[in-house]
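Engineer: Contents of target_12.txt (compact mmCIF, N, CA and C atoms) are below:
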```
# COMPACT_ATOMS: atom_id res chain seq x y z
N MET A 414 9.13 0.52 5.45
CA MET A 414 8.70 1.39 6.54
C MET A 414 8.40 2.77 5.98
N PRO A 415 7.21 3.33 6.24
CA PRO A 415 6.83 4.63 5.71
C PRO A 415 7.66 5.76 6.28
N MET A 416 7.84 6.81 5.49
CA MET A 416 8.53 8.02 5.93
C MET A 416 7.56 8.85 6.74
N GLU A 417 8.04 9.66 7.64
CA GLU A 417 7.19 10.51 8.44
C GLU A 417 6.81 11.78 7.69
N ALA A 418 5.59 12.16 7.79
CA ALA A 418 5.11 13.41 7.18
C ALA A 418 5.34 14.55 8.16
N ALA A 419 5.47 15.75 7.62
CA ALA A 419 5.65 16.93 8.46
C ALA A 419 4.33 17.36 9.09
N SER A 420 3.22 16.95 8.50
CA SER A 420 1.91 17.35 8.98
C SER A 420 1.36 16.33 9.96
N SER A 421 0.71 16.81 11.02
CA SER A 421 0.14 15.89 11.99
C SER A 421 -1.18 15.31 11.47
N SER A 422 -1.71 15.87 10.41
CA SER A 422 -2.99 15.40 9.90
C SER A 422 -2.81 14.55 8.64
N ARG A 423 -1.73 13.78 8.59
CA ARG A 423 -1.52 12.98 7.38
C ARG A 423 -2.59 11.91 7.25
N CYS A 424 -2.95 11.64 6.03
CA CYS A 424 -3.96 10.61 5.78
C CYS A 424 -3.36 9.40 5.09
N LEU A 425 -2.08 9.48 4.69
CA LEU A 425 -1.42 8.35 4.07
C LEU A 425 0.07 8.43 4.32
N ASP A 426 0.78 7.36 3.98
CA ASP A 426 2.23 7.32 4.12
C ASP A 426 2.86 6.98 2.79
N LEU A 427 4.12 7.37 2.62
CA LEU A 427 4.93 7.01 1.45
C LEU A 427 6.09 6.15 1.92
N THR A 428 6.39 5.09 1.19
CA THR A 428 7.58 4.31 1.49
C THR A 428 8.80 5.04 0.95
N PRO A 429 9.99 4.68 1.40
CA PRO A 429 11.20 5.32 0.85
C PRO A 429 11.30 5.15 -0.67
N ALA A 430 10.88 4.00 -1.21
CA ALA A 430 10.93 3.79 -2.66
C ALA A 430 9.98 4.73 -3.39
N ALA A 431 8.78 4.93 -2.86
CA ALA A 431 7.82 5.86 -3.47
C ALA A 431 8.33 7.29 -3.39
N LEU A 432 8.91 7.65 -2.28
CA LEU A 432 9.46 9.00 -2.11
C LEU A 432 10.59 9.24 -3.11
N ALA A 433 11.48 8.28 -3.27
CA ALA A 433 12.60 8.44 -4.19
C ALA A 433 12.10 8.59 -5.63
N GLU A 434 11.14 7.78 -6.04
CA GLU A 434 10.63 7.86 -7.41
C GLU A 434 9.87 9.16 -7.64
N ALA A 435 9.06 9.58 -6.67
CA ALA A 435 8.33 10.84 -6.81
C ALA A 435 9.29 12.01 -6.91
N ASN A 436 10.35 12.02 -6.11
CA ASN A 436 11.35 13.09 -6.20
C ASN A 436 12.06 13.07 -7.55
N ARG A 437 12.35 11.88 -8.09
CA ARG A 437 12.99 11.77 -9.40
C ARG A 437 12.07 12.34 -10.49
N LEU A 438 10.80 11.97 -10.43
CA LEU A 438 9.84 12.47 -11.43
C LEU A 438 9.61 13.97 -11.29
N LEU A 439 9.56 14.46 -10.05
CA LEU A 439 9.35 15.89 -9.82
C LEU A 439 10.51 16.70 -10.38
N ALA A 440 11.72 16.19 -10.26
CA ALA A 440 12.90 16.91 -10.77
C ALA A 440 12.82 17.07 -12.29
N ALA A 441 12.10 16.18 -12.96
CA ALA A 441 11.96 16.26 -14.42
C ALA A 441 10.81 17.16 -14.85
N GLU A 442 9.99 17.62 -13.91
CA GLU A 442 8.86 18.50 -14.24
C GLU A 442 9.38 19.85 -14.72
N SER A 443 8.59 20.53 -15.57
CA SER A 443 9.00 21.82 -16.12
C SER A 443 9.03 22.92 -15.06
N ASN A 444 8.20 22.83 -14.04
CA ASN A 444 8.16 23.83 -12.98
C ASN A 444 8.03 23.14 -11.63
N PRO A 445 9.11 22.47 -11.17
CA PRO A 445 9.01 21.67 -9.96
C PRO A 445 8.75 22.47 -8.69
N ASP A 446 9.05 23.76 -8.69
CA ASP A 446 8.82 24.56 -7.49
C ASP A 446 7.33 24.76 -7.20
N LYS A 447 6.47 24.63 -8.20
CA LYS A 447 5.05 24.85 -8.00
C LYS A 447 4.25 23.55 -8.10
N SER A 448 4.92 22.43 -7.99
CA SER A 448 4.24 21.15 -8.13
C SER A 448 4.28 20.37 -6.82
N ALA A 449 3.17 19.71 -6.57
CA ALA A 449 3.06 18.80 -5.44
C ALA A 449 2.58 17.47 -5.99
N LEU A 450 2.88 16.41 -5.32
CA LEU A 450 2.35 15.11 -5.71
C LEU A 450 0.92 15.01 -5.19
N ARG A 451 -0.03 14.92 -6.10
CA ARG A 451 -1.43 14.77 -5.72
C ARG A 451 -1.78 13.29 -5.78
N VAL A 452 -2.28 12.76 -4.66
CA VAL A 452 -2.77 11.39 -4.60
C VAL A 452 -4.28 11.51 -4.47
N TYR A 453 -5.01 10.82 -5.35
CA TYR A 453 -6.46 10.98 -5.36
C TYR A 453 -7.16 9.67 -5.68
N VAL A 454 -8.47 9.68 -5.47
CA VAL A 454 -9.34 8.55 -5.77
C VAL A 454 -10.44 9.07 -6.68
N GLU A 455 -10.79 8.27 -7.70
CA GLU A 455 -11.88 8.63 -8.59
C GLU A 455 -12.64 7.37 -8.99
N LYS A 456 -13.85 7.55 -9.51
CA LYS A 456 -14.61 6.42 -9.99
C LYS A 456 -13.94 5.86 -11.23
N GLY A 457 -13.94 4.53 -11.34
CA GLY A 457 -13.36 3.88 -12.50
C GLY A 457 -12.59 2.65 -12.11
N GLY A 458 -11.87 2.10 -13.04
CA GLY A 458 -11.09 0.90 -12.78
C GLY A 458 -11.97 -0.33 -12.75
N CYS A 459 -11.36 -1.48 -12.64
CA CYS A 459 -12.11 -2.73 -12.69
C CYS A 459 -12.83 -3.06 -11.39
N SER A 460 -12.57 -2.33 -10.31
CA SER A 460 -13.23 -2.61 -9.04
C SER A 460 -14.16 -1.47 -8.60
N GLY A 461 -14.33 -0.46 -9.41
CA GLY A 461 -15.27 0.63 -9.10
C GLY A 461 -14.62 1.95 -8.75
N MET A 462 -13.48 1.92 -8.08
CA MET A 462 -12.73 3.13 -7.72
C MET A 462 -11.28 2.89 -8.12
N GLN A 463 -10.59 3.98 -8.48
CA GLN A 463 -9.19 3.83 -8.84
C GLN A 463 -8.35 4.95 -8.24
N TYR A 464 -7.07 4.65 -8.05
CA TYR A 464 -6.12 5.61 -7.51
C TYR A 464 -5.48 6.38 -8.64
N GLY A 465 -5.07 7.60 -8.35
CA GLY A 465 -4.32 8.39 -9.30
C GLY A 465 -3.24 9.17 -8.59
N LEU A 466 -2.13 9.38 -9.27
CA LEU A 466 -1.04 10.21 -8.77
C LEU A 466 -0.60 11.11 -9.92
N VAL A 467 -0.60 12.41 -9.67
CA VAL A 467 -0.17 13.40 -10.66
C VAL A 467 0.55 14.53 -9.93
N PHE A 468 1.33 15.29 -10.68
CA PHE A 468 1.90 16.51 -10.13
C PHE A 468 0.92 17.63 -10.41
N ASP A 469 0.61 18.41 -9.39
CA ASP A 469 -0.44 19.40 -9.46
C ASP A 469 -0.15 20.50 -8.44
N GLU A 470 -0.87 21.59 -8.54
CA GLU A 470 -0.76 22.66 -7.55
C GLU A 470 -1.70 22.40 -6.38
N GLN A 471 -1.35 22.94 -5.25
CA GLN A 471 -2.22 22.83 -4.07
C GLN A 471 -3.49 23.63 -4.31
N ARG A 472 -4.62 23.09 -3.83
CA ARG A 472 -5.91 23.76 -3.95
C ARG A 472 -6.52 23.97 -2.57
N ASP A 473 -7.47 24.89 -2.49
CA ASP A 473 -8.17 25.12 -1.23
C ASP A 473 -8.80 23.82 -0.76
N GLY A 474 -8.69 23.54 0.53
CA GLY A 474 -9.29 22.35 1.10
C GLY A 474 -8.42 21.11 1.06
N ASP A 475 -7.26 21.18 0.38
CA ASP A 475 -6.37 20.03 0.31
C ASP A 475 -5.72 19.75 1.66
N HIS A 476 -5.51 18.47 1.94
CA HIS A 476 -4.63 18.05 3.04
C HIS A 476 -3.22 18.18 2.47
N VAL A 477 -2.35 18.88 3.17
CA VAL A 477 -0.98 19.11 2.70
C VAL A 477 -0.01 18.43 3.66
N MET A 478 0.84 17.60 3.10
CA MET A 478 1.85 16.88 3.89
C MET A 478 3.19 17.07 3.19
N HIS A 479 4.27 16.89 3.93
CA HIS A 479 5.61 16.99 3.34
C HIS A 479 6.45 15.80 3.79
N TRP A 480 7.13 15.22 2.83
CA TRP A 480 8.17 14.23 3.10
C TRP A 480 9.44 14.85 2.57
N ASP A 481 10.34 15.20 3.48
CA ASP A 481 11.52 15.96 3.11
C ASP A 481 11.04 17.21 2.35
N ALA A 482 11.49 17.41 1.12
CA ALA A 482 11.09 18.59 0.36
C ALA A 482 9.91 18.32 -0.57
N LEU A 483 9.37 17.09 -0.54
CA LEU A 483 8.28 16.74 -1.45
C LEU A 483 6.93 17.07 -0.82
N PRO A 484 6.20 18.04 -1.40
CA PRO A 484 4.84 18.29 -0.91
C PRO A 484 3.88 17.26 -1.52
N VAL A 485 2.99 16.75 -0.68
CA VAL A 485 1.97 15.79 -1.11
C VAL A 485 0.62 16.37 -0.73
N VAL A 486 -0.32 16.39 -1.68
CA VAL A 486 -1.64 16.93 -1.42
C VAL A 486 -2.71 15.88 -1.72
N VAL A 487 -3.77 15.92 -0.92
CA VAL A 487 -4.91 15.01 -1.08
C VAL A 487 -6.16 15.83 -0.84
N ASP A 488 -7.12 15.77 -1.78
CA ASP A 488 -8.37 16.49 -1.57
C ASP A 488 -9.18 15.82 -0.46
N ALA A 489 -10.14 16.55 0.09
CA ALA A 489 -10.89 16.08 1.26
C ALA A 489 -11.66 14.79 1.00
N ILE A 490 -12.26 14.65 -0.18
CA ILE A 490 -13.03 13.44 -0.48
C ILE A 490 -12.09 12.24 -0.60
N SER A 491 -10.99 12.40 -1.32
CA SER A 491 -10.03 11.31 -1.46
C SER A 491 -9.43 10.92 -0.12
N ALA A 492 -9.23 11.91 0.76
CA ALA A 492 -8.63 11.64 2.07
C ALA A 492 -9.46 10.65 2.87
N GLU A 493 -10.80 10.71 2.72
CA GLU A 493 -11.66 9.77 3.42
C GLU A 493 -11.39 8.34 2.97
N TYR A 494 -11.17 8.14 1.67
CA TYR A 494 -10.90 6.81 1.13
C TYR A 494 -9.47 6.35 1.42
N LEU A 495 -8.53 7.29 1.50
CA LEU A 495 -7.11 6.97 1.61
C LEU A 495 -6.59 6.88 3.04
N GLU A 496 -7.40 7.22 4.02
CA GLU A 496 -6.96 7.22 5.42
C GLU A 496 -6.27 5.90 5.77
N GLY A 497 -5.02 5.99 6.21
CA GLY A 497 -4.26 4.81 6.61
C GLY A 497 -3.55 4.08 5.47
N SER A 498 -3.66 4.58 4.25
CA SER A 498 -3.05 3.92 3.09
C SER A 498 -1.54 4.17 3.04
N VAL A 499 -0.87 3.28 2.32
CA VAL A 499 0.57 3.40 2.10
C VAL A 499 0.82 3.35 0.60
N VAL A 500 1.56 4.35 0.09
CA VAL A 500 1.94 4.39 -1.32
C VAL A 500 3.36 3.86 -1.43
N ASP A 501 3.55 2.87 -2.30
CA ASP A 501 4.85 2.25 -2.51
C ASP A 501 5.19 2.34 -4.00
N PHE A 502 6.43 2.07 -4.33
CA PHE A 502 6.85 2.03 -5.73
C PHE A 502 7.72 0.81 -5.94
N SER A 503 7.50 0.14 -7.06
CA SER A 503 8.31 -1.02 -7.43
C SER A 503 8.78 -0.83 -8.87
N ASP A 504 10.02 -1.19 -9.13
CA ASP A 504 10.51 -1.14 -10.51
C ASP A 504 10.80 -2.53 -11.04
N ASP A 505 10.10 -3.53 -10.49
CA ASP A 505 10.22 -4.89 -11.00
C ASP A 505 9.81 -4.95 -12.46
N LEU A 506 10.41 -5.84 -13.20
CA LEU A 506 10.17 -5.94 -14.63
C LEU A 506 8.70 -6.17 -14.96
N ASN A 507 8.03 -7.07 -14.25
CA ASN A 507 6.64 -7.42 -14.56
C ASN A 507 5.60 -6.71 -13.72
N ASP A 508 6.01 -5.96 -12.74
CA ASP A 508 5.04 -5.34 -11.84
C ASP A 508 5.54 -3.99 -11.35
N SER A 509 5.85 -3.09 -12.29
CA SER A 509 6.42 -1.81 -11.90
C SER A 509 5.36 -0.74 -11.75
N GLY A 510 5.68 0.28 -10.98
CA GLY A 510 4.81 1.42 -10.81
C GLY A 510 4.47 1.67 -9.36
N PHE A 511 3.66 2.70 -9.14
CA PHE A 511 3.19 3.03 -7.80
C PHE A 511 2.05 2.10 -7.43
N LYS A 512 2.03 1.66 -6.20
CA LYS A 512 0.98 0.79 -5.69
C LYS A 512 0.47 1.38 -4.37
N VAL A 513 -0.83 1.30 -4.17
CA VAL A 513 -1.44 1.80 -2.94
C VAL A 513 -1.99 0.61 -2.16
N THR A 514 -1.58 0.50 -0.91
CA THR A 514 -2.14 -0.49 0.00
C THR A 514 -3.11 0.26 0.89
N ASN A 515 -4.39 -0.10 0.77
CA ASN A 515 -5.45 0.65 1.43
C ASN A 515 -6.22 -0.26 2.40
N PRO A 516 -6.15 0.02 3.70
CA PRO A 516 -6.86 -0.81 4.66
C PRO A 516 -8.38 -0.67 4.58
N LYS A 517 -8.88 0.35 3.91
CA LYS A 517 -10.32 0.56 3.78
C LYS A 517 -10.91 -0.16 2.56
N ALA A 518 -10.07 -0.71 1.71
CA ALA A 518 -10.55 -1.38 0.50
C ALA A 518 -11.16 -2.72 0.86
N LYS A 519 -12.40 -2.95 0.42
CA LYS A 519 -13.05 -4.25 0.63
C LYS A 519 -12.44 -5.29 -0.29
N THR A 520 -12.23 -4.94 -1.55
CA THR A 520 -11.54 -5.79 -2.51
C THR A 520 -10.60 -4.92 -3.32
N THR A 521 -9.55 -5.54 -3.82
CA THR A 521 -8.55 -4.83 -4.62
C THR A 521 -8.31 -5.62 -5.89
N CYS A 522 -8.17 -4.93 -6.99
CA CYS A 522 -7.89 -5.56 -8.28
C CYS A 522 -6.44 -6.03 -8.29
N GLY A 523 -6.15 -7.02 -9.08
CA GLY A 523 -4.80 -7.54 -9.19
C GLY A 523 -3.80 -6.51 -9.70
N CYS A 524 -4.28 -5.50 -10.43
CA CYS A 524 -3.40 -4.46 -10.96
C CYS A 524 -2.89 -3.53 -9.85
N GLY A 525 -3.57 -3.52 -8.70
CA GLY A 525 -3.17 -2.65 -7.60
C GLY A 525 -3.55 -1.20 -7.78
N LYS A 526 -4.31 -0.90 -8.84
CA LYS A 526 -4.67 0.49 -9.11
C LYS A 526 -6.16 0.77 -8.91
N SER A 527 -6.94 -0.27 -8.59
CA SER A 527 -8.35 -0.04 -8.35
C SER A 527 -8.82 -0.87 -7.15
N PHE A 528 -9.96 -0.42 -6.58
CA PHE A 528 -10.47 -1.08 -5.37
C PHE A 528 -11.96 -0.84 -5.25
N GLU A 529 -12.57 -1.61 -4.36
CA GLU A 529 -13.97 -1.39 -4.02
C GLU A 529 -14.02 -0.85 -2.60
N ALA A 530 -14.74 0.25 -2.43
CA ALA A 530 -14.81 0.90 -1.11
C ALA A 530 -15.83 0.21 -0.22
```
Would you mind writing the file out in structure tokens?

Structural biologist:
Amino acid sequence: MPMEAASSSRCLDLTPAALAEANRLLAAESNPDKSALRVYVEKGGCSGMQYGLVFDEQRDGDHVMHWDALPVVVDAISAEYLEGSVVDFSDDLNDSGFKVTNPKAKTTCGCGKSFEA
């Protein structure tokens, strides 16, 4: 079940597992007070588009959401692709990492990191 964002204009959700892992990784950052989790889409991957997650600063035009103390930012172009998506995290031995479930994806690669819009 996704966590609630503080912003009414959220474009995606995070599961409790994704939130816990993002908070763990953020705590290890050199300057966690100025970092937000950026979720984005770019060209690439085996299906044409791929997801990315990095710690970054907020930029003009970003959608800003908060889960507890974790700020999450998404640029306007990525927000169009990510609307309604859910970010999850798994630490399974053979299938670990962040995964995005995107209702707008026509096809998704088996790796869970790329899709066709």

Engineer: Calculate, to one decimal in Å, the centre and edge lengths of the box along x, y and z of the file that holds all listed atoms of range 465-483 of chain A with 6 Å of margin on each side, and present them as lines of an AutoDock Vina configuration file.

Structural biologist:
```
center_x = 1.1
center_y = 16.4
center_z = -3.4
size_x = 32.8
size_y = 29.5
size_z = 26.6
```

Engineer: Expressed in Å to a single decimal, how great is the separation between atom C of Leu439 in chain A and CA of Val485 in chain A?

Structural biologist: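 Pair atom C of Leu439 in chain A / CA of Val485 in chain A returns 12.6 Å.
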
Engineer: Mind giving me the straight-line distance from atom C of Phe468 in chain A to atom C of Tyr453 in chain A in Å, one decimal?

Structural biologist: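 Pair atom C of Phe468 in chain A / atom C of Tyr453 in chain A returns 12.3 Å.
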
Engineer: In Å, with one decimal, what is the gap from CA of Ala518 in chain A to atom C of Ser498 in chain A?

Structural biologist: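 Taking CA of Ala518 in chain A as the start and atom C of Ser498 in chain A as the end point, the length is 10.9 Å.
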
Engineer: Please provide as a list in words all residues within 7 Å of Leu466 in chain A, with the sequence filter that same-chain residues fewer than 3 positions apart are discarded (counting only N, CA and C atoms).

Structural biologist: Leu450, Arg451, Val452 and Tyr453 of chain A

Engineer: Tell me which protein, DNA and RNA residues are within 12 Å of Asn436 in chain A, counting only C-alpha atoms, leaving out same-chain ones fewer than 2 positions away, and put them as a PyMOL selection string.

Structural biologist: chain A and resi 427+429-434+438-442+445-446+448-450+468+479-485+502

Engineer: Restricting the calculation to only N, CA and C atoms: of A:Asp501, A:Gly461, A:His476, A:Glu493, which residue gets closest to Thr428 in chain A?

Structural biologist: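 Nearest to Thr428 in chain A: A:Asp501.
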
Engineer: Among chain A, which ones does DSSP assign to strand (DSSP E or B) (computed from the backbone)? Answer as a VMD selection string.

Structural biologist: chain A and resid 425 to 427 449 to 456 462 to 469 476 to 480 483 to 487 498 to 503 510 to 514 520 to 521 527 to 529

Engineer: DSSP on the backbone, then: every residue of chain A marked alpha helix (DSSP H), written as a list in words.

Structural biologist: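 Alpha helix (DSSP H) members of chain A, listed: Pro429, Ala430, Ala431, Leu432, Ala433, Glu434, Ala435, Asn436, Arg437, Leu438, Leu439, Ala440, Ala489, Ile490, Ser491, Ala492, Glu493, Tyr494 and Leu495 of chain A.
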